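What follows is structure-v7.txt (compact mmCIF, C-alpha atoms and all ligand atoms).
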```txt
# COMPACT_ATOMS: atom_id res chain seq x y z
CA MET A 1 20.77 21.00 -1.43
CA ARG A 2 19.72 18.80 1.54
CA VAL A 3 20.25 15.17 0.58
CA LEU A 4 19.08 12.23 2.68
CA ILE A 5 21.00 8.97 2.22
CA ALA A 6 19.32 6.01 3.91
CA TYR A 7 20.75 2.55 3.37
CA ASP A 8 20.43 -0.98 4.67
CA SER A 9 23.38 -3.35 4.69
CA LEU A 10 23.76 -6.84 6.12
CA SER A 11 27.41 -7.57 5.38
CA GLY A 12 28.83 -4.16 4.39
CA ASN A 13 28.62 -4.13 0.56
CA THR A 14 25.84 -1.57 0.39
CA ARG A 15 27.46 0.46 3.16
CA ASP A 16 30.63 0.76 1.03
CA LEU A 17 28.54 1.87 -1.92
CA ALA A 18 26.58 4.34 0.22
CA ARG A 19 29.88 5.86 1.41
CA MET A 20 30.94 6.42 -2.19
CA VAL A 21 27.59 8.06 -2.98
CA ARG A 22 27.99 10.25 0.11
CA GLU A 23 31.48 11.35 -0.97
CA CYS A 24 30.08 12.41 -4.35
CA CYS A 25 27.33 14.44 -2.68
CA GLU A 26 29.67 16.15 -0.23
CA ALA A 27 32.30 16.83 -2.90
CA ARG A 28 29.64 18.85 -4.73
CA GLY A 29 28.82 20.83 -1.58
CA HIS A 30 25.55 19.16 -0.60
CA ALA A 31 24.55 18.62 3.05
CA VAL A 32 23.96 14.92 3.76
CA THR A 33 21.74 13.32 6.38
CA TRP A 34 23.07 9.77 6.89
CA ILE A 35 20.84 6.95 8.10
CA GLU A 36 21.59 3.25 8.52
CA THR A 37 18.06 1.86 8.57
CA GLY A 38 18.93 -1.22 10.65
CA ILE A 39 19.98 0.89 13.62
CA GLN A 40 18.38 4.34 13.20
CA SER A 41 14.92 5.65 12.45
CA LEU A 42 14.18 8.79 10.47
CA ALA A 43 12.96 10.51 13.62
CA ASP A 44 16.24 9.66 15.45
CA ALA A 45 18.41 10.91 12.61
CA CYS A 46 16.94 14.31 11.85
CA PRO A 47 14.44 16.70 13.43
CA ASP A 48 13.22 17.85 10.00
CA PRO A 49 12.58 14.92 7.63
CA ARG A 50 12.11 17.20 4.58
CA HIS A 51 14.95 17.00 2.06
CA ASP A 52 15.45 18.06 -1.54
CA LEU A 53 16.60 14.63 -2.65
CA TYR A 54 16.26 11.14 -1.12
CA LEU A 55 18.84 8.48 -2.02
CA LEU A 56 17.85 5.01 -0.83
CA GLY A 57 20.41 2.20 -0.83
CA THR A 58 19.72 -1.45 -0.21
CA TRP A 59 20.85 -5.03 -0.61
CA THR A 60 18.31 -7.50 -1.99
CA ASP A 61 16.84 -10.27 0.14
CA ASN A 62 15.35 -13.61 -0.82
CA ALA A 63 14.01 -13.79 -4.40
CA GLY A 64 14.28 -10.09 -5.17
CA ARG A 65 12.70 -8.78 -1.98
CA THR A 66 13.27 -5.59 -0.01
CA PRO A 67 14.94 -6.14 3.39
CA ALA A 68 12.65 -5.63 6.38
CA ALA A 69 14.58 -2.66 7.84
CA MET A 70 14.40 -0.76 4.54
CA LYS A 71 10.66 -1.48 4.29
CA ARG A 72 10.19 -0.07 7.81
CA PHE A 73 12.20 3.00 6.89
CA ILE A 74 10.17 3.61 3.71
CA ALA A 75 6.92 3.34 5.68
CA GLU A 76 8.26 5.90 8.19
CA LEU A 77 9.42 8.22 5.42
CA VAL A 78 6.08 8.15 3.60
CA GLU A 79 4.27 8.71 6.89
CA ALA A 80 6.48 11.76 7.58
CA VAL A 81 6.67 13.48 4.17
CA GLY A 82 4.42 11.53 1.78
CA LYS A 83 6.02 10.07 -1.36
CA PRO A 84 8.82 12.53 -2.18
CA GLY A 85 9.15 13.75 -5.76
CA ARG A 86 12.93 13.26 -6.04
CA VAL A 87 14.01 9.75 -5.12
CA ALA A 88 16.83 7.67 -6.57
CA VAL A 89 17.80 4.14 -5.59
CA PHE A 90 21.15 2.36 -5.42
CA GLY A 91 22.35 -0.96 -4.08
CA THR A 92 24.10 -4.26 -4.40
CA GLY A 93 22.95 -7.75 -5.32
CA GLU A 94 24.24 -10.92 -6.90
CA THR A 95 23.35 -12.34 -10.29
CA GLN A 96 23.79 -15.87 -8.91
CA TRP A 97 20.31 -15.47 -7.39
CA GLY A 98 18.95 -15.34 -10.94
CA GLU A 99 18.68 -12.48 -13.43
CA GLU A 100 15.01 -12.08 -12.58
CA TYR A 101 15.81 -11.42 -8.92
CA TYR A 102 19.10 -9.57 -9.34
CA CYS A 103 18.88 -6.31 -7.36
CA GLY A 104 15.10 -6.86 -7.29
CA ALA A 105 14.65 -4.66 -4.20
CA LEU A 106 16.01 -1.65 -6.09
CA ARG A 107 13.47 -2.04 -8.85
CA ARG A 108 10.63 -2.50 -6.37
CA ILE A 109 11.59 0.64 -4.44
CA ALA A 110 12.18 2.73 -7.57
CA GLY A 111 8.80 1.59 -8.93
CA PHE A 112 7.04 2.36 -5.64
CA PHE A 113 8.30 5.95 -5.70
CA GLY A 114 7.95 6.34 -9.46
CA SER A 115 11.65 7.30 -9.58
CA THR A 116 12.72 8.80 -12.89
CA HIS A 117 16.30 7.59 -12.40
CA PRO A 118 17.28 4.02 -13.30
CA PRO A 119 18.65 2.39 -10.12
CA LEU A 120 22.41 2.14 -9.64
CA GLU A 121 23.02 -1.64 -9.49
CA ILE A 122 26.39 -3.01 -8.36
CA GLU A 123 27.25 -6.69 -8.40
CA GLN A 124 28.17 -7.68 -4.83
CA MET A 125 30.36 -4.69 -3.93
CA PRO A 126 31.96 -1.73 -5.70
CA HIS A 127 35.32 -2.73 -7.23
CA GLY A 128 37.98 -0.59 -8.87
CA ALA A 129 37.96 2.39 -11.18
CA ARG A 130 35.10 1.15 -13.39
CA ASP A 131 32.58 1.00 -10.55
CA ALA A 132 33.91 4.28 -9.08
CA LEU A 133 33.19 5.96 -12.42
CA LYS A 134 29.75 4.33 -12.61
CA VAL A 135 28.91 5.66 -9.13
CA ARG A 136 30.16 9.17 -9.93
CA HIS A 137 28.26 9.23 -13.19
CA TRP A 138 25.02 8.11 -11.52
CA ALA A 139 25.48 10.62 -8.67
CA ASP A 140 26.04 13.44 -11.17
CA GLN A 141 22.73 12.59 -12.87
CA VAL A 142 20.65 12.38 -9.73
CA LEU A 143 22.21 15.50 -8.20
CA ALA A 144 21.72 17.59 -11.33
CA THR A 145 18.99 20.21 -11.16
CA PRO A 146 15.92 18.89 -13.02
CA GLY A 147 15.86 20.33 -16.52
CA SER A 148 19.64 20.92 -16.67
CA ALA A 149 21.80 19.44 -19.41
CA ALA A 150 23.39 16.99 -16.96
CA ALA A 151 19.97 15.80 -15.80
CA ALA A 152 18.97 15.10 -19.36
CA MET A 153 21.98 12.86 -19.99
CA PRO A 154 21.48 9.10 -19.87
CA THR A 155 22.85 7.36 -16.73
CA SER A 156 25.42 5.35 -18.67
CA PRO A 157 27.19 6.03 -21.90
CA GLN A 158 24.80 5.13 -24.74
CA PRO A 159 25.56 4.43 -28.36
CA MET A 160 24.37 7.16 -30.66
CA PRO A 161 20.79 6.51 -31.72
CA ARG A 162 20.16 5.92 -35.41
CA THR A 163 17.93 8.38 -37.09
CA ARG A 164 15.08 5.86 -37.37
CA SER A 165 13.86 5.69 -33.77
CA MET A 166 11.41 3.10 -32.45
CA GLN A 167 7.82 4.00 -33.14
CA THR A 168 5.46 3.45 -30.17
CA LEU A 169 1.84 2.38 -30.74
CA HIS A 170 -0.94 1.89 -28.19
CA ALA A 171 -3.61 -0.79 -28.54
CA SER A 172 -7.18 0.15 -27.59
CA THR A 173 -8.84 -3.11 -28.66
CA PRO A 174 -7.88 -6.77 -29.28
CA ASP A 175 -8.16 -6.03 -33.02
CA ASP A 176 -5.49 -3.33 -32.68
CA VAL A 177 -3.13 -5.97 -31.29
CA ARG A 178 -3.75 -8.35 -34.20
CA ALA A 179 -3.47 -5.54 -36.77
CA ALA A 180 -0.17 -4.24 -35.38
CA ILE A 181 1.34 -7.75 -35.33
CA ALA A 182 0.31 -8.23 -38.97
CA ALA A 183 1.50 -4.78 -40.08
CA HIS A 184 4.95 -4.56 -38.44
CA PRO A 185 7.61 -7.09 -39.45
CA ARG A 186 9.62 -6.44 -36.27
CA LEU A 187 7.40 -5.62 -33.35
CA LEU A 188 7.96 -5.62 -29.60
CA VAL A 189 4.75 -6.00 -27.63
CA ASP A 190 4.74 -4.82 -24.01
CA TYR A 191 1.84 -6.43 -22.08
CA TYR A 192 1.44 -4.46 -18.87
CA LYS A 193 -1.07 -3.28 -16.31
CA ASP A 194 -1.71 -0.46 -13.84
CA ASP A 195 -0.13 -0.39 -10.37
CA CYS A 196 2.70 -2.69 -11.41
CA PRO A 197 6.17 -1.47 -10.32
CA ALA A 198 7.98 -3.98 -12.57
CA CYS A 199 5.90 -2.74 -15.53
CA ARG A 200 7.04 0.84 -14.89
CA MET A 201 10.64 -0.30 -14.68
CA LEU A 202 10.33 -2.25 -17.94
CA ASP A 203 8.94 0.91 -19.50
CA LEU A 204 12.11 2.76 -18.40
CA SER A 205 14.22 -0.06 -19.85
CA LEU A 206 12.36 0.16 -23.16
CA ARG A 207 13.01 3.91 -23.30
CA GLN A 208 16.74 3.35 -22.83
CA PHE A 209 16.72 0.49 -25.31
CA ALA A 210 14.94 2.74 -27.82
CA ALA A 211 17.98 5.05 -27.86
CA GLY A 212 20.35 2.25 -28.88
CA PRO A 213 21.13 0.83 -32.31
CA ALA A 214 19.29 -2.49 -31.75
CA ALA A 215 15.99 -0.58 -31.71
CA ALA A 216 16.35 0.75 -35.24
CA GLY A 217 13.53 -0.40 -37.49
CA LEU A 218 11.50 -1.86 -34.62
CA ALA A 219 8.06 -0.77 -33.49
CA LEU A 220 6.76 -1.05 -29.95
CA LEU A 221 3.15 -1.86 -29.17
CA LYS A 222 1.93 -1.08 -25.65
CA VAL A 223 -0.95 -3.32 -24.57
CA LYS A 224 -2.56 -2.43 -21.25
CA LEU A 225 -4.64 -5.08 -19.50
CA GLU A 226 -7.20 -2.58 -18.22
CA THR A 227 -7.67 -1.22 -21.76
CA VAL A 228 -7.85 -4.34 -23.93
CA GLY A 229 -9.41 -6.62 -21.30
CA GLU A 230 -8.24 -9.64 -19.33
CA ASP A 231 -9.45 -12.12 -21.97
CA VAL A 232 -6.70 -11.05 -24.38
CA PHE A 233 -4.04 -11.78 -21.74
CA ARG A 234 -5.68 -15.09 -20.75
CA ASP A 235 -6.06 -16.25 -24.37
CA LEU A 236 -2.37 -15.59 -24.98
CA GLY A 237 -1.46 -17.62 -21.89
CA LEU A 238 0.26 -14.63 -20.25
CA ARG A 239 1.03 -15.53 -16.66
CA GLN A 240 2.72 -12.38 -15.48
CA THR A 241 2.99 -8.67 -16.09
CA PRO A 242 5.00 -7.23 -17.55
CA THR A 243 5.63 -9.64 -20.42
CA LEU A 244 7.50 -8.54 -23.50
CA ALA A 245 7.02 -10.44 -26.75
CA LEU A 246 9.04 -10.03 -29.94
CA HIS A 247 7.16 -10.68 -33.18
CA VAL A 248 9.05 -11.23 -36.41
CA ASP A 249 7.04 -11.35 -39.64
CA GLY A 250 3.80 -11.79 -37.70
CA ARG A 251 5.12 -14.71 -35.63
CA GLU A 252 6.01 -14.57 -31.95
CA ALA A 253 9.75 -15.25 -31.94
CA VAL A 254 10.36 -14.96 -28.20
CA ARG A 255 8.45 -14.14 -25.03
CA LEU A 256 10.21 -12.54 -22.06
CA PRO A 257 8.18 -12.57 -18.83
CA GLY A 258 9.10 -10.09 -16.08
CA PHE A 259 11.44 -7.11 -15.91
CA ARG A 260 14.31 -6.95 -18.44
CA THR A 261 17.25 -4.60 -18.63
CA PRO A 262 17.91 -2.62 -21.83
CA ALA A 263 20.87 -4.96 -22.54
CA GLN A 264 18.67 -8.05 -22.20
CA ILE A 265 16.09 -6.59 -24.59
CA ALA A 266 18.84 -5.77 -27.10
CA GLN A 267 20.23 -9.29 -26.75
CA ALA A 268 16.83 -10.86 -27.47
CA VAL A 269 16.30 -8.62 -30.48
CA GLU A 270 19.74 -9.41 -31.84
CA ALA A 271 19.23 -13.14 -31.30
CA HIS A 272 15.80 -13.33 -32.93
CA ALA A 273 15.37 -10.47 -35.34
CA CYS A 274 18.72 -9.26 -36.62
CA ASP A 275 18.44 -11.05 -39.98
CA ILE A 276 15.87 -8.48 -41.11
CA PRO A 277 17.57 -5.25 -42.26
CA ALA A 278 16.77 -2.29 -40.06
C1 LIG B 301 19.23 -14.59 2.25
C2 LIG B 301 19.78 -13.83 1.07
C3 LIG B 301 19.01 -13.68 -0.04
C4 LIG B 301 19.50 -12.96 -1.15
N1 LIG B 301 18.71 -12.81 -2.25
C5 LIG B 301 19.16 -12.06 -3.29
C6 LIG B 301 18.33 -11.81 -4.41
O1 LIG B 301 17.20 -12.26 -4.53
N2 LIG B 301 18.81 -11.01 -5.41
C7 LIG B 301 20.06 -10.45 -5.35
O2 LIG B 301 20.42 -9.73 -6.26
N3 LIG B 301 20.87 -10.69 -4.29
C8 LIG B 301 20.45 -11.46 -3.27
N4 LIG B 301 21.26 -11.69 -2.19
C9 LIG B 301 22.64 -11.16 -2.24
C10 LIG B 301 22.81 -9.84 -1.50
O3 LIG B 301 21.83 -8.90 -1.88
C11 LIG B 301 24.19 -9.29 -1.84
O4 LIG B 301 25.17 -10.16 -1.35
C12 LIG B 301 24.42 -7.89 -1.31
O5 LIG B 301 25.60 -7.38 -1.89
C13 LIG B 301 24.55 -7.86 0.19
O6 LIG B 301 24.70 -6.51 0.56
P1 LIG B 301 25.18 -6.07 2.00
O7 LIG B 301 26.62 -6.53 2.15
O8 LIG B 301 25.06 -4.60 1.99
O9 LIG B 301 24.30 -6.74 3.01
C14 LIG B 301 20.80 -12.41 -1.11
C15 LIG B 301 21.58 -12.56 0.05
C16 LIG B 301 21.08 -13.25 1.13
C17 LIG B 301 21.93 -13.39 2.36
```

Just give me the structure as C-alpha cells.
Amino acid sequence: MRVLIAYDSLSGNTRDLARMVRECCEARGHAVTWIETGIQSLADACPDPRHDLYLLGTWTDNAGRTPAAMKRFIAELVEAVGKPGRVAVFGTGETQWGEEYYCGALRRIAGFFGSTHPPLEIEQMPHGARDALKVRHWADQVLATPGSAAAAMPTSPQPMPRTRSMQTLHASTPDDVRAAIAAHPRLLVDYYKDDCPACRMLDLSLRQFAAGPAAAGLALLKVKLETVGEDVFRDLGLRQTPTLALHVDGREAVRLPGFRTPAQIAQAVEAHACDIPA
C-alpha cells in the first residue's frame, strides 16, 4: 500500500511520533511518502499525490487550532486529490491548555475529512512502552484493510459491553424531545447540527462510550438543530454545538458543552447517574 505521512512539528514532539508511525508502516511492508509540511509541499515531495492511505500528524496551536503549515498542506492535498476516503490523524498536545483545546487540531482535521478513525492523541511526546504500544495499536487499525477483523477492532482496549446496549432515538419535533426526557430515567441528549466537525467527533465518542459498561441502561437522544428548529436550542440557552446533556429522572443533571472524550462522558455519567441501577 502507498501511505503518505505528512506532519507538522514546531519543537520535535510530533516528529518523534511521526517517526514511530512510519516505522510501523514500513515494518508491515508499506511504501511511505514522508512530508514535513513546514519545509516541503506535496508537489515537491512526490510526483504522484495519489496514495491509498493518508496519515496526517500535527501539534495543536493556540486554543485548539491547526498550525498554519498543516492548513496549507491540507489545502494543497484537497486541491490535488480531493478529500481522500482513507485519512487518519495523529499528533501531540498538552492538557495544560485546557481539556476543551487539548489536541484540538487533530479533531478539527479528522472532522474535516470525516475520518472513521479516532485520532491518536499523545500528551506532549511519546514516552516509554505504553505509548509505543498505543502507537502500534493505532497503526494496526488504520493500516488494516477495510472490512477485515483488525479494522473492526476498537482503537484501544475496551471493556466488554453489557448485553443491554444504549438505545439511540432521534427527535423530529420539540415534542419528541420533551417526551423522551419524560420517558427515559437516564437519558443523554446530544444537541448537534450539520457541518460541525466537533459534532461528528462527539458522535464518534458516543459510539465508543456506548460499548463500555457506563452506557448500560442509558438511552441517547439525538437532537439536530436543522430538524427541530433553532428555537428549541435558543429556549434551552444552548450556546454551542455540540452540547451533551444528561437527564436523570426527567431533570437535567449536567450539561457538557463542546467535544468530550468517551472517558469524559463515562465520568459524567458515573458522577451524576450511577445511583440508578442499570
Ligand atoms: C503557542 C502555542 C499554543 C498551543 N496551544 C495548544 C492547544 O490549544 N492545545 C494543545 O493541546 N496544545 C497546545 N500547545 C502545545 C503543543 O501542541 C504541544 O507542546 C505539542 O506537543 C508541540 O508539538 P511539536 O513539538 O511537534 O511542535 C500549544 C503550544 C504553543 C507553543

(Q) Give me the residues near Ala182 of chain A as an MDAnalysis selection string, where near means some atom within 9 Å (using all atoms listed in the file) and where sequence neighbours in that chain fewer than 2 positions away do not count. (A) chainID A and resid 177:180 184:185 249:251

Q) Counting all atoms listed in the file, what residues are within 6 Å of ligand LIG 301 (chain B), given as a list in words? A)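 Answer in the requested format: Ser9, Leu10, Ser11, Gly12, Asn13, Thr14, Arg15, Trp59, Thr60, Asp61, Asn62, Ala63, Gly64, Thr92, Gly93, Glu94, Thr95, Trp97, Tyr101, Tyr102, Cys103, Gly104, Gln124 and Met125 of chain A.
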
Q. For Glu230 of chain A, which residue out of A:Gly82, A:Gly91, A:Pro174, A:Gly98 is the nearest one, using all atoms listed in the file?
A. A:Pro174

For segment 92-104 of chain A, take all atoms listed in the file, fit an axis-aligned box around them, add 3 Å to each of the six sides, then output centre and edge lengths in Å rounded to one decimal, as AutoDock Vina command-line options.
```
--center_x 19.6 --center_y -10.1 --center_z -8.9 --size_x 15.2 --size_y 17.6 --size_z 15.0
```

**Q.** d(atom CA of Leu236 of chain A, atom CA of Arg207 of chain A) in Å
**A.** 24.9 Å

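Among the candidate residues A:Ala45, A:Leu55, A:Ala211, A:Leu244, the one lying nearest to Cys199 of chain A is A:Leu244, with distances computed using only C-alpha atoms.
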
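Residue nearest Arg19 of chain A within the list A:Arg136, A:Arg65, A:Arg108, A:Arg200: A:Arg136 [criterion: smallest interatomic distance, only C-alpha atoms].
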
Q: For atom CA of Ala110 of chain A and atom CA of His170 of chain A, quote the distance in Å rounded to one decimal.
A: 24.5 Å

Q: Could you check which of A:Cys46, A:Ala129, A:Cys24, A:Leu256 is closest to Arg239 of chain A, using all atoms listed in the file?
A: A:Leu256

Q. Which is closer to Val3 of chain A than all the others in A:Ala139, A:Ile122, A:Leu17, A:Gly114, using all atoms listed in the file?
A. A:Ala139

Q. From the list A:Thr66, A:Gly57, A:Phe112, A:Glu121, which residue is nearest Lys83 of chain A when using all atoms listed in the file?
A.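 For Lys83 of chain A, the nearest of the given residues is A:Phe112.
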
Q: Tell me, as a PyMOL selection string, which residues lie within 9 Å of Val89 of chain A, counting only C-alpha atoms; anything in the same chain fewer than 4 positions away does not count.
A: chain A and resi 54-58+106-107+109-110+115+117-121

Q.
So that I can check the surroundings of Ala273 of chain A, please list as a PyMOL selection string every protein, DNA and RNA residue that reaches within 12 Å of it, counting all atoms listed in the file and ignoring chain neighbours fewer than 6 positions away.
A. chain A and resi 185-188+214-218+245-254+265-267

(Q) Rounded to one decimal, what separation in Å do you get between atom CA of Arg130 of chain A and atom CA of Met201 of chain A? (A)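 For atom CA of Arg130 of chain A relative to atom CA of Met201 of chain A, the distance reads 24.5 Å.
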
Q: Pick out the residues sitting within 9 Å of Arg22 of chain A, and hand them over as a list in words; count all atoms listed in the file, and ignore anything fewer than 4 positions along from it in its own chain.
A: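 The residues that qualify are Ile5, Leu17, Ala18, Glu26, Ala27, Val32 and Trp34 of chain A.
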